[in-house]
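Structure file protein.csv with CSV, C-alpha atoms:
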```
chain,number,residue,atom,x,y,z
A,1,MET,CA,9.0,-9.5,-32.8
A,2,GLU,CA,5.6,-8.6,-31.5
A,3,ILE,CA,5.0,-11.9,-29.7
A,4,SER,CA,8.5,-12.0,-28.1
A,5,ARG,CA,7.9,-8.4,-26.8
A,6,LEU,CA,4.6,-9.6,-25.2
A,7,PHE,CA,6.4,-12.5,-23.6
A,8,VAL,CA,9.1,-10.3,-22.2
A,9,ILE,CA,6.5,-7.9,-20.7
A,10,PHE,CA,4.7,-10.9,-19.2
A,11,LEU,CA,7.8,-12.4,-17.7
A,12,SER,CA,9.2,-9.1,-16.4
A,13,ALA,CA,5.9,-8.3,-14.6
A,14,MET,CA,5.7,-11.8,-13.1
A,15,LEU,CA,9.3,-12.4,-11.9
A,16,VAL,CA,11.7,-9.5,-12.4
A,17,ASN,CA,9.5,-6.6,-11.3
A,18,ASN,CA,7.3,-8.7,-9.1
A,19,PHE,CA,4.5,-6.5,-7.8
A,20,VAL,CA,4.7,-7.5,-4.2
A,21,LEU,CA,8.4,-8.2,-3.7
A,22,SER,CA,10.0,-5.5,-5.7
A,23,ARG,CA,7.4,-2.8,-6.5
A,24,PHE,CA,5.7,-3.0,-3.0
A,25,LEU,CA,2.2,-3.0,-4.4
A,26,GLY,CA,-0.6,-5.1,-2.7
A,27,ILE,CA,1.2,-5.5,0.6
A,28,CYS,CA,-2.0,-5.5,2.7
A,29,PRO,CA,-3.5,-8.7,1.2
A,30,PHE,CA,0.0,-10.1,1.1
A,31,LEU,CA,0.4,-9.8,4.9
A,32,GLY,CA,-3.3,-10.2,5.7
A,33,VAL,CA,-4.5,-13.3,3.9
A,34,SER,CA,-1.3,-15.4,3.9
A,35,ARG,CA,-1.9,-17.3,7.1
A,36,LYS,CA,-3.5,-20.3,5.3
A,37,LEU,CA,-2.8,-21.8,1.9
A,38,ASP,CA,-6.4,-22.1,0.7
A,39,THR,CA,-7.3,-18.4,1.5
A,40,ALA,CA,-4.1,-17.4,-0.3
A,41,THR,CA,-5.1,-19.3,-3.4
A,42,GLY,CA,-8.6,-17.8,-3.4
A,43,MET,CA,-7.2,-14.3,-3.0
A,44,SER,CA,-4.7,-14.9,-5.8
A,45,LEU,CA,-7.3,-16.1,-8.3
A,46,ALA,CA,-9.6,-13.1,-7.4
A,47,VAL,CA,-6.7,-10.7,-7.9
A,48,ILE,CA,-5.7,-12.1,-11.3
A,49,PHE,CA,-9.3,-11.9,-12.5
A,50,VAL,CA,-10.0,-8.4,-11.3
A,51,MET,CA,-6.6,-7.1,-12.4
A,52,THR,CA,-7.1,-8.3,-16.0
A,53,VAL,CA,-10.7,-7.0,-16.3
A,54,ALA,CA,-9.9,-3.7,-14.6
A,55,SER,CA,-6.8,-2.9,-16.7
A,56,VAL,CA,-8.7,-3.6,-20.0
A,57,ILE,CA,-11.5,-1.2,-18.9
A,58,THR,CA,-9.2,1.5,-17.6
A,59,TRP,CA,-7.2,1.3,-20.9
A,60,PHE,CA,-10.3,2.2,-22.8
A,61,LEU,CA,-11.2,4.9,-20.3
A,62,ASN,CA,-7.8,6.4,-20.6
A,63,GLN,CA,-8.3,6.7,-24.3
A,64,LEU,CA,-11.5,8.5,-23.6
A,65,LEU,CA,-9.9,10.8,-21.1
A,66,LEU,CA,-7.1,11.7,-23.5
A,67,LEU,CA,-9.7,12.4,-26.2
A,68,MET,CA,-11.6,14.7,-23.9
A,69,ASP,CA,-8.2,16.3,-22.9
A,70,ILE,CA,-8.7,15.8,-19.1
A,71,PRO,CA,-5.9,13.4,-18.1
A,72,PHE,CA,-5.7,15.0,-14.6
A,73,MET,CA,-9.0,13.3,-13.8
A,74,ARG,CA,-7.3,9.9,-14.1
A,75,THR,CA,-6.9,9.0,-10.4
A,76,ILE,CA,-10.5,9.9,-9.5
A,77,VAL,CA,-12.0,8.1,-12.5
A,78,PHE,CA,-9.9,5.0,-12.2
A,79,ILE,CA,-10.5,4.4,-8.5
A,80,LEU,CA,-14.3,4.9,-8.9
A,81,VAL,CA,-14.4,2.5,-11.9
A,82,ILE,CA,-12.4,-0.1,-10.0
A,83,ALA,CA,-14.7,0.2,-7.0
A,84,THR,CA,-17.8,-0.1,-9.1
A,85,LEU,CA,-16.3,-3.0,-11.1
A,86,VAL,CA,-15.5,-5.0,-8.0
A,87,GLN,CA,-19.1,-4.5,-6.8
A,88,PHE,CA,-20.4,-5.4,-10.2
A,89,ILE,CA,-18.3,-8.6,-10.4
A,90,GLU,CA,-19.5,-9.6,-7.0
A,91,THR,CA,-23.2,-9.2,-8.0
A,92,VAL,CA,-22.8,-11.0,-11.3
A,93,LEU,CA,-20.8,-13.9,-9.7
A,94,LYS,CA,-23.5,-14.4,-7.1
A,95,LYS,CA,-26.1,-14.8,-9.7
A,96,VAL,CA,-24.2,-16.7,-12.4
A,97,SER,CA,-21.9,-19.0,-10.5
A,98,PRO,CA,-22.6,-19.4,-6.8
A,99,SER,CA,-19.8,-21.9,-6.3
A,100,LEU,CA,-17.2,-19.5,-7.7
A,101,TYR,CA,-18.8,-16.8,-5.6
A,102,GLU,CA,-18.4,-18.9,-2.5
A,103,ALA,CA,-14.7,-19.4,-3.3
A,104,LEU,CA,-13.9,-15.8,-4.2
A,105,GLY,CA,-16.7,-13.8,-2.6
A,106,ILE,CA,-15.2,-12.7,0.7
A,107,TYR,CA,-12.0,-11.5,-1.0
A,108,LEU,CA,-13.7,-9.2,-3.6
A,109,PRO,CA,-14.5,-6.3,-1.2
A,110,LEU,CA,-10.9,-6.3,0.0
A,111,ILE,CA,-9.7,-5.8,-3.5
A,112,THR,CA,-11.1,-2.3,-3.9
A,113,THR,CA,-8.4,-0.9,-1.6
A,114,ASN,CA,-5.7,-3.2,-3.0
A,115,CYS,CA,-3.2,-0.7,-4.4
A,116,ALA,CA,-2.0,-3.3,-6.8
A,117,ILE,CA,-5.1,-2.9,-9.0
A,118,LEU,CA,-4.9,0.9,-9.2
A,119,GLY,CA,-1.1,0.8,-9.4
A,120,LEU,CA,-1.3,-1.6,-12.4
A,121,ALA,CA,-3.8,0.6,-14.2
A,122,ILE,CA,-1.6,3.7,-13.7
A,123,LEU,CA,1.6,1.8,-14.7
A,124,ASN,CA,-0.1,0.7,-17.9
A,125,VAL,CA,-0.9,4.3,-18.7
A,126,GLN,CA,2.6,5.5,-17.8
A,127,GLN,CA,4.3,2.9,-20.0
A,128,GLU,CA,1.9,3.7,-22.9
A,129,TYR,CA,1.1,0.1,-23.5
A,130,THR,CA,-1.1,-1.0,-26.4
A,131,LEU,CA,-4.2,-3.0,-25.5
A,132,MET,CA,-2.5,-6.4,-26.2
A,133,GLU,CA,0.5,-5.4,-24.1
A,134,THR,CA,-1.8,-4.2,-21.3
A,135,ILE,CA,-3.5,-7.6,-21.2
A,136,PHE,CA,-0.2,-9.5,-21.0
A,137,HIS,CA,1.2,-7.1,-18.4
A,138,SER,CA,-1.9,-7.6,-16.2
A,139,ILE,CA,-1.9,-11.3,-16.4
A,140,GLY,CA,1.8,-11.4,-15.6
A,141,ALA,CA,1.4,-9.0,-12.7
A,142,GLY,CA,-1.5,-11.1,-11.3
A,143,ALA,CA,0.5,-14.3,-11.7
A,144,GLY,CA,3.5,-12.7,-10.0
A,145,PHE,CA,1.2,-11.7,-7.1
A,146,ALA,CA,-0.1,-15.3,-6.9
A,147,ILE,CA,3.3,-16.9,-6.9
A,148,ALA,CA,4.6,-14.6,-4.2
A,149,LEU,CA,1.5,-15.0,-2.1
A,150,ILE,CA,1.3,-18.8,-2.4
A,151,ILE,CA,5.0,-19.3,-1.6
A,152,PHE,CA,4.7,-16.9,1.4
A,153,ALA,CA,1.6,-18.7,2.7
A,154,THR,CA,3.2,-22.1,2.6
A,155,ILE,CA,6.2,-20.7,4.5
A,156,ARG,CA,4.0,-19.1,7.1
A,157,GLU,CA,2.0,-22.3,7.6
A,158,ARG,CA,5.2,-24.1,8.5
A,159,MET,CA,6.5,-21.3,10.6
A,160,ASP,CA,3.6,-21.5,13.0
A,161,VAL,CA,5.0,-24.8,14.3
A,162,TYR,CA,8.4,-23.5,15.2
A,163,GLU,CA,9.3,-21.5,18.3
A,164,MET,CA,10.7,-18.0,18.0
A,165,PRO,CA,11.4,-15.0,20.3
A,166,GLU,CA,8.2,-13.4,21.7
A,167,SER,CA,8.8,-10.0,20.0
A,168,PHE,CA,9.2,-11.5,16.6
A,169,LYS,CA,5.8,-13.2,16.6
A,170,GLY,CA,3.3,-12.0,14.1
A,171,LEU,CA,4.2,-9.0,11.9
A,172,ALA,CA,7.9,-8.9,12.5
A,173,SER,CA,8.6,-12.5,11.5
A,174,ALA,CA,6.3,-12.1,8.5
A,175,LEU,CA,8.2,-9.0,7.3
A,176,VAL,CA,11.6,-10.7,7.7
A,177,THR,CA,10.4,-13.7,5.8
A,178,ALA,CA,9.2,-11.5,3.0
A,179,GLY,CA,12.6,-9.8,3.0
A,180,LEU,CA,14.3,-13.1,2.4
A,181,LEU,CA,11.8,-14.0,-0.2
A,182,SER,CA,12.3,-10.7,-1.9
A,183,MET,CA,16.1,-11.3,-1.8
A,184,SER,CA,15.7,-14.6,-3.6
A,185,PHE,CA,13.5,-13.0,-6.2
A,186,MET,CA,16.3,-10.5,-7.0
A,187,GLY,CA,18.0,-13.5,-8.6
A,188,PHE,CA,15.6,-13.0,-11.5
A,189,GLN,CA,17.0,-9.6,-12.2
A,190,GLY,CA,18.9,-9.5,-15.5
A,191,LEU,CA,16.7,-12.4,-16.8
A,192,VAL,CA,15.1,-10.0,-19.3
A,193,ARG,CA,15.9,-6.6,-20.4
A,194,LEU,CA,13.1,-4.3,-21.5
B,195,MET,CA,-12.8,17.3,26.5
B,196,THR,CA,-9.1,18.0,26.8
B,197,ASP,CA,-8.7,14.4,28.0
B,198,LYS,CA,-10.2,13.2,24.7
B,199,ARG,CA,-7.8,15.5,22.8
B,200,ARG,CA,-4.8,14.2,24.7
B,201,MET,CA,-6.0,10.6,24.0
B,202,ILE,CA,-6.2,11.4,20.3
B,203,ILE,CA,-2.6,12.7,20.2
B,204,LYS,CA,-1.2,9.8,22.2
B,205,GLN,CA,-3.1,7.2,20.1
B,206,GLY,CA,-2.0,8.7,16.8
B,207,LEU,CA,1.7,9.0,17.7
B,208,PHE,CA,2.2,5.8,19.7
B,209,GLU,CA,-0.6,3.5,20.9
B,210,GLN,CA,-2.2,3.1,17.5
B,211,ASN,CA,0.7,4.2,15.4
B,212,PRO,CA,-0.4,3.5,11.8
B,213,VAL,CA,2.7,1.6,10.6
B,214,PHE,CA,4.1,-0.2,13.7
B,215,MET,CA,0.9,-1.0,15.6
B,216,GLN,CA,-1.9,-1.2,13.0
B,217,ALA,CA,0.2,-2.2,9.9
B,218,LEU,CA,-1.7,0.2,7.8
B,219,GLY,CA,-0.3,2.0,4.7
B,220,MET,CA,2.5,-0.5,4.4
B,221,CYS,CA,3.0,-0.1,0.7
B,222,PRO,CA,4.2,3.5,0.8
B,223,ALA,CA,6.0,2.8,4.0
B,224,LEU,CA,8.1,0.2,2.3
B,225,ALA,CA,8.4,1.7,-1.1
B,226,THR,CA,9.3,5.3,-0.5
B,227,THR,CA,11.7,5.1,2.4
B,228,THR,CA,14.9,4.7,0.5
B,229,SER,CA,16.1,7.9,2.2
B,230,ALA,CA,15.0,10.2,5.1
B,231,VAL,CA,14.1,13.0,2.7
B,232,ASN,CA,11.8,10.8,0.6
B,233,ALA,CA,10.2,9.4,3.7
B,234,ILE,CA,9.4,12.8,5.0
B,235,GLY,CA,8.0,13.9,1.7
B,236,MET,CA,5.7,11.0,1.4
B,237,GLY,CA,4.6,11.4,5.1
B,238,VAL,CA,3.8,15.1,4.7
B,239,ALA,CA,1.9,14.5,1.5
B,240,THR,CA,-0.2,11.7,3.1
B,241,THR,CA,-0.7,13.9,6.2
B,242,CYS,CA,-2.1,16.8,4.1
B,243,VAL,CA,-4.5,14.5,2.3
B,244,LEU,CA,-5.6,12.9,5.6
B,245,VAL,CA,-6.2,16.2,7.4
B,246,MET,CA,-8.2,17.7,4.6
B,247,SER,CA,-10.3,14.6,3.9
B,248,ASN,CA,-11.0,14.1,7.6
B,249,VAL,CA,-12.2,17.8,7.9
B,250,VAL,CA,-14.3,17.7,4.8
B,251,ILE,CA,-15.9,14.3,5.6
B,252,SER,CA,-16.7,15.4,9.2
B,253,ILE,CA,-18.4,18.5,7.7
B,254,ILE,CA,-20.5,16.7,5.1
B,255,LYS,CA,-21.1,13.5,7.2
B,256,LYS,CA,-24.8,14.2,7.6
B,257,LEU,CA,-25.4,14.8,3.9
B,258,ILE,CA,-24.0,11.5,2.8
B,259,PRO,CA,-26.6,8.6,2.6
B,260,GLU,CA,-25.4,5.6,4.5
B,261,LYS,CA,-25.3,3.2,1.5
B,262,VAL,CA,-23.0,5.2,-0.7
B,263,ARG,CA,-20.7,6.5,2.0
B,264,ILE,CA,-17.6,4.6,0.9
B,265,PRO,CA,-17.7,5.8,-2.7
B,266,ALA,CA,-18.4,9.3,-1.4
B,267,TYR,CA,-15.3,9.2,0.8
B,268,ILE,CA,-13.2,7.8,-2.0
B,269,VAL,CA,-14.3,10.8,-4.2
B,270,VAL,CA,-13.3,13.3,-1.5
B,271,ILE,CA,-10.0,11.6,-0.9
B,272,ALA,CA,-9.2,11.2,-4.6
B,273,SER,CA,-9.9,15.0,-5.2
B,274,PHE,CA,-7.4,16.0,-2.6
B,275,VAL,CA,-4.8,13.5,-3.9
B,276,THR,CA,-5.2,15.0,-7.4
B,277,MET,CA,-4.6,18.4,-5.9
B,278,ILE,CA,-1.5,17.3,-4.0
B,279,ASP,CA,-0.2,15.5,-7.1
B,280,MET,CA,-0.5,18.7,-9.1
B,281,LEU,CA,1.0,20.9,-6.4
B,282,MET,CA,4.0,18.6,-5.9
B,283,HIS,CA,4.5,18.4,-9.7
B,284,GLY,CA,4.6,22.2,-9.7
B,285,PHE,CA,6.7,23.0,-6.6
B,286,THR,CA,8.8,19.9,-5.7
B,287,TYR,CA,9.5,18.3,-9.1
B,288,GLU,CA,12.4,16.2,-8.0
B,289,LEU,CA,10.5,14.7,-5.1
B,290,TRP,CA,7.5,14.2,-7.3
B,291,LYS,CA,9.6,12.2,-9.7
B,292,THR,CA,11.2,9.9,-7.1
B,293,LEU,CA,7.9,9.2,-5.3
B,294,GLY,CA,6.3,8.7,-8.8
B,295,LEU,CA,3.5,6.1,-8.7
B,296,PHE,CA,3.0,6.3,-5.0
B,297,ILE,CA,1.5,9.8,-5.0
B,298,PRO,CA,-1.7,8.8,-6.9
B,299,LEU,CA,-1.7,5.7,-4.8
B,300,ILE,CA,-2.3,7.7,-1.6
B,301,VAL,CA,-6.0,7.2,-2.6
B,302,VAL,CA,-5.9,3.6,-1.7
B,303,ASN,CA,-3.8,4.0,1.5
B,304,CYS,CA,-6.0,2.1,3.9
B,305,LEU,CA,-5.1,4.6,6.7
B,306,ILE,CA,-7.0,7.4,5.1
B,307,LEU,CA,-10.2,5.5,4.3
B,308,GLY,CA,-9.9,3.9,7.7
B,309,ARG,CA,-9.8,7.2,9.6
B,310,ALA,CA,-12.7,8.5,7.5
B,311,GLU,CA,-14.8,5.5,8.2
B,312,SER,CA,-13.9,5.0,11.9
B,313,PHE,CA,-13.3,8.5,13.1
B,314,ALA,CA,-14.3,11.5,10.9
B,315,SER,CA,-17.8,10.1,10.1
B,316,LYS,CA,-18.6,10.0,13.9
B,317,ASN,CA,-16.8,13.1,15.4
B,318,SER,CA,-16.9,16.9,15.3
B,319,THR,CA,-14.8,18.8,12.8
B,320,GLY,CA,-12.3,20.0,15.4
B,321,LEU,CA,-11.6,16.5,16.7
B,322,ALA,CA,-11.4,15.1,13.1
B,323,PHE,CA,-8.8,17.7,12.3
B,324,LEU,CA,-6.7,16.8,15.3
B,325,ASP,CA,-7.0,13.1,14.6
B,326,GLY,CA,-6.0,13.5,11.0
B,327,LEU,CA,-3.0,15.7,12.0
B,328,PHE,CA,-1.7,13.3,14.7
B,329,MET,CA,-2.4,10.1,12.8
B,330,GLY,CA,-0.5,11.7,9.9
B,331,MET,CA,2.4,12.7,12.2
B,332,GLY,CA,2.5,9.2,13.5
B,333,PHE,CA,2.7,7.9,10.0
B,334,THR,CA,5.3,10.5,9.0
B,335,GLY,CA,7.4,9.6,12.1
B,336,ALA,CA,7.3,5.9,11.4
B,337,LEU,CA,8.4,6.6,7.8
B,338,PHE,CA,11.1,8.9,8.9
B,339,ILE,CA,12.6,6.3,11.3
B,340,LEU,CA,12.5,3.6,8.7
B,341,GLY,CA,13.9,6.0,6.0
B,342,SER,CA,16.7,7.1,8.3
B,343,VAL,CA,17.7,3.5,9.2
B,344,ARG,CA,17.7,2.5,5.6
B,345,GLU,CA,19.7,5.6,4.5
B,346,ILE,CA,22.3,5.3,7.3
B,347,LEU,CA,22.9,1.6,6.9
B,348,GLY,CA,22.5,1.4,3.1
B,349,ASN,CA,24.2,4.5,1.9
B,350,GLY,CA,26.3,5.7,4.9
B,351,SER,CA,24.6,9.1,4.8
B,352,PHE,CA,21.9,11.1,6.6
B,353,PHE,CA,19.8,13.7,4.8
B,354,GLY,CA,22.2,13.4,1.9
B,355,MET,CA,25.3,14.1,4.1
B,356,GLN,CA,27.9,11.4,3.6
B,357,PHE,CA,29.6,10.4,6.9
B,358,SER,CA,30.6,6.8,6.5
B,359,GLU,CA,32.2,4.6,3.8
B,360,VAL,CA,30.4,1.5,5.1
B,361,LYS,CA,27.5,0.8,2.8
B,362,LEU,CA,25.2,-2.2,3.2
B,363,PHE,CA,23.7,-1.5,-0.2
B,364,ALA,CA,21.0,-4.2,0.3
B,365,PHE,CA,19.1,-1.9,2.7
B,366,VAL,CA,18.4,0.5,-0.1
B,367,LEU,CA,17.1,-2.3,-2.3
B,368,PRO,CA,13.6,-3.9,-1.9
B,369,PRO,CA,14.7,-6.8,0.4
B,370,GLY,CA,16.2,-4.3,2.8
B,371,ALA,CA,12.9,-2.5,3.2
B,372,TYR,CA,11.2,-5.7,4.5
B,373,LEU,CA,14.2,-6.6,6.7
B,374,ALA,CA,14.5,-3.1,8.2
B,375,LEU,CA,10.8,-2.8,8.9
B,376,GLY,CA,10.6,-6.3,10.3
B,377,LEU,CA,13.5,-5.7,12.7
B,378,LEU,CA,12.1,-2.3,13.8
B,379,ALA,CA,8.7,-3.9,14.4
B,380,ALA,CA,10.3,-6.6,16.6
B,381,PHE,CA,12.3,-3.9,18.4
B,382,PHE,CA,9.2,-1.8,19.2
B,383,THR,CA,7.2,-4.8,20.3
B,384,PHE,CA,10.1,-5.7,22.6
B,385,VAL,CA,10.3,-2.2,24.1
B,386,SER,CA,6.6,-1.8,24.6
B,387,GLY,CA,6.4,-5.2,26.2
B,388,ARG,CA,9.2,-4.3,28.6
B,389,LEU,CA,7.5,-0.9,29.4
B,390,SER,CA,4.1,-2.5,30.2
B,391,LYS,CA,5.8,-5.1,32.4
B,392,SER,CA,7.7,-2.5,34.4
B,393,SER,CA,4.6,-0.3,34.8
B,394,LYS,CA,2.7,-3.3,36.1
B,395,LYS,CA,5.5,-3.9,38.7
B,396,ASN,CA,5.1,-0.3,39.9
B,397,ASP,CA,1.4,-0.7,40.4
```
This structure in structure tokens:
Amino acid sequence: MEISRLFVIFLSAMLVNNFVLSRFLGICPFLGVSRKLDTATGMSLAVIFVMTVASVITWFLNQLLLLMDIPFMRTIVFILVIATLVQFIETVLKKVSPSLYEALGIYLPLITTNCAILGLAILNVQQEYTLMETIFHSIGAGAGFAIALIIFATIRERMDVYEMPESFKGLASALVTAGLLSMSFMGFQGLVRL
Amino acid sequence: MTDKRRMIIKQGLFEQNPVFMQALGMCPALATTTSAVNAIGMGVATTCVLVMSNVVISIIKKLIPEKVRIPAYIVVIASFVTMIDMLMHGFTYELWKTLGLFIPLIVVNCLILGRAESFASKNSTGLAFLDGLFMGMGFTGALFILGSVREILGNGSFFGMQFSEVKLFAFVLPPGAYLALGLLAAFFTFVSGRLSKSSKKND
């Protein structure tokens, strides 16, 4: 029972309620770093990592806020903690694993203003998930972001080669492509019922 | 001086329109524009936060040490967002419920932090107020256009008034948001391209 519920949460965060394509969270990196496949992969890994760490920490913080009876401070506390955390991860990575830092480093500062991280933390609180559910939800959300971003990047790489009307170049064609991708992801609806 | 003011107004509304030209604040622009009313609600809430944060940051800009300016800006913005969240919960409960997650997420709207960093921290309070107001209005306008298009096409209504039985329901769903914004962006690039071409001819 317990395990199947965790699996359902994971699957629904990854495919059914995909963060980018159906919840509209994290659009900026989705449009910004999807020009090349390798940058997209780097960004996805960084997001999965930060998402999981951030939601575990914010879960504990939320318990503390509830204990102190100041839930209205949630937004301020969460965003500050996420900003600090990203800075902290950057510093630690630089010292501990320079090769990983080289791969993820430039994406980390961008993540602070990525609404997917704060959105995920707030969603976890709203759904009143337990710690285990929070972890599965975050990994699923991160994986969903990665899938969408990587598919999108491969499409955009191939799109560069083809000719299209002048006014559709850049943002417009990217948005229309994302629309088609989102439409195909709607096929997953009804896969799981929470 | 008045020239500078006029430039701020023009840039906020058209030349540097947050959504269509700079592609900032895309998440709320796509997520909350299922109807014209929701779009305006989101736009006005964002404008309020933007104006207040711009004013406060331009007042305290000399007190903030260079190195911690970004966290300081975030705290200012987050405080105003919390206030707006509470006010909307109290006075416009229905709207608060539909916008849901995206009200606290105004904090991470790149538009607000972007204006704080690139404008309010370098200009006087009066100009920062004006910049916040017109950038916010440009954002609200863009959201309103997108929300109207989606409501008219997807639901056959405008501001809740039903006038047509033709409903392309896909435009209310997530894919429609991307498609509608993509087509609108293409349209605006096309029009501005034509305009600049014709003005060149006149010169």
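Compared by their closest atoms to Gly142 of chain A, and using all atoms listed in the file, the residues A:Asn17, A:Ser182, A:Gln87, A:Ser99 rank with A:Asn17 nearest.
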May I have the residues within 10 Å of Val249 of chain B as a PDB file with C-alpha atoms, in the coordinates of the input, using all atoms listed in the file and disregarding those fewer than 4 positions away in the same chain?
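Generated file (result_8.pdb):
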```
ATOM      1  CA  LEU B 244      -5.600  12.900   5.600  1.00  0.00           C
ATOM      2  CA  VAL B 245      -6.200  16.200   7.400  1.00  0.00           C
ATOM      3  CA  ILE B 253     -18.400  18.500   7.700  1.00  0.00           C
ATOM      4  CA  ILE B 254     -20.500  16.700   5.100  1.00  0.00           C
ATOM      5  CA  LYS B 255     -21.100  13.500   7.200  1.00  0.00           C
ATOM      6  CA  ALA B 310     -12.700   8.500   7.500  1.00  0.00           C
ATOM      7  CA  ALA B 314     -14.300  11.500  10.900  1.00  0.00           C
ATOM      8  CA  SER B 315     -17.800  10.100  10.100  1.00  0.00           C
ATOM      9  CA  ASN B 317     -16.800  13.100  15.400  1.00  0.00           C
ATOM     10  CA  SER B 318     -16.900  16.900  15.300  1.00  0.00           C
ATOM     11  CA  THR B 319     -14.800  18.800  12.800  1.00  0.00           C
ATOM     12  CA  GLY B 320     -12.300  20.000  15.400  1.00  0.00           C
ATOM     13  CA  LEU B 321     -11.600  16.500  16.700  1.00  0.00           C
ATOM     14  CA  ALA B 322     -11.400  15.100  13.100  1.00  0.00           C
ATOM     15  CA  PHE B 323      -8.800  17.700  12.300  1.00  0.00           C
ATOM     16  CA  LEU B 324      -6.700  16.800  15.300  1.00  0.00           C
ATOM     17  CA  ASP B 325      -7.000  13.100  14.600  1.00  0.00           C
ATOM     18  CA  GLY B 326      -6.000  13.500  11.000  1.00  0.00           C
TER      19      GLY B 326
END
```
Discussion item. Env of segment 344-360 of chain B: 12 Å cut, atoms = all atoms listed in the file, seq-sep filter 6 positions within chain, self excluded. Answer as a list in words.
Written reply: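 Answer for this query is Ala223, Leu224, Ala225, Thr226, Thr227, Thr228, Ser229, Ala230, Val231, Asn232, Ala233, Ile234, Leu337, Phe338, Val366, Leu367, Pro368, Pro369, Gly370, Ala371, Tyr372, Leu373, Ala374, Leu375, Leu377 and Leu378 of chain B.
Nearest residue to Cys28 of chain A among B:Gly332, B:Gly219, B:Gly206, B:Pro212 is B:Gly219, counting all atoms listed in the file.
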Sphere at (5.7, 12.3, -6.6), radius 10 Å, counting all atoms listed in the file: residues as an mmCIF file with C-alpha atoms, keeping the file's coordinate frame:
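Result written to point-v7.cif:
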```cif
data_model
loop_
_atom_site.group_PDB
_atom_site.id
_atom_site.type_symbol
_atom_site.label_atom_id
_atom_site.label_comp_id
_atom_site.auth_asym_id
_atom_site.auth_seq_id
_atom_site.Cartn_x
_atom_site.Cartn_y
_atom_site.Cartn_z
ATOM 1 C CA THR B 226 9.300 5.300 -0.500
ATOM 2 C CA ASN B 232 11.800 10.800 0.600
ATOM 3 C CA GLY B 235 8.000 13.900 1.700
ATOM 4 C CA MET B 236 5.700 11.000 1.400
ATOM 5 C CA ALA B 239 1.900 14.500 1.500
ATOM 6 C CA ILE B 278 -1.500 17.300 -4.000
ATOM 7 C CA ASP B 279 -0.200 15.500 -7.100
ATOM 8 C CA MET B 280 -0.500 18.700 -9.100
ATOM 9 C CA LEU B 281 1.000 20.900 -6.400
ATOM 10 C CA MET B 282 4.000 18.600 -5.900
ATOM 11 C CA HIS B 283 4.500 18.400 -9.700
ATOM 12 C CA THR B 286 8.800 19.900 -5.700
ATOM 13 C CA TYR B 287 9.500 18.300 -9.100
ATOM 14 C CA GLU B 288 12.400 16.200 -8.000
ATOM 15 C CA LEU B 289 10.500 14.700 -5.100
ATOM 16 C CA TRP B 290 7.500 14.200 -7.300
ATOM 17 C CA LYS B 291 9.600 12.200 -9.700
ATOM 18 C CA THR B 292 11.200 9.900 -7.100
ATOM 19 C CA LEU B 293 7.900 9.200 -5.300
ATOM 20 C CA GLY B 294 6.300 8.700 -8.800
ATOM 21 C CA LEU B 295 3.500 6.100 -8.700
ATOM 22 C CA PHE B 296 3.000 6.300 -5.000
ATOM 23 C CA ILE B 297 1.500 9.800 -5.000
ATOM 24 C CA PRO B 298 -1.700 8.800 -6.900
#
```
Discussion item. Contacts from chain A to chain B, 6 Å maximum, all atoms listed in the file: show me the residue list as a ChimeraX atom specification.
Written reply: /A:22,24-25,27,76,113,115,167-168,172,175-176,179,182-183
Worksheet item: Between atom CA of Phe185 of chain A and atom CA of Ile111 of chain A, what is the spacing in Å?
Response: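 Taking atom CA of Ile111 of chain A as the start and atom CA of Phe185 of chain A as the end point, the length is 24.4 Å.
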Discussion item. Distance cut-off 10 Å, centre (-11.1, 10.0, -13.5) in file coordinates, counting only C-alpha atoms: which residues qualify? Return them as an MDAnalysis selection string.
Written reply: (chainID A and resid 58 61:62 65 70:81) or (chainID B and resid 269 272:273 276)
Fill in: Near-Ala103 of chain A list (12 Å; only C-alpha atoms; drop same-chain fewer than 5 positions) as an MDAnalysis selection string
chainID A and resid 38:46 90 93:94 97:98 108
Worksheet item: With distances taken over only C-alpha atoms, which of A:Ala178, A:Met159, A:Ala153, A:Met132 is nearest to Ser55 of chain A?
Response: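 Going through A:Ala178, A:Met159, A:Ala153, A:Met132 one by one, the smallest distance to Ser55 of chain A is for A:Met132.
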Worksheet, complete the sentence: In Å and to one decimal, atom CA of Ile251 of chain B is distant from atom CA of Met329 of chain B by 15.9 Å
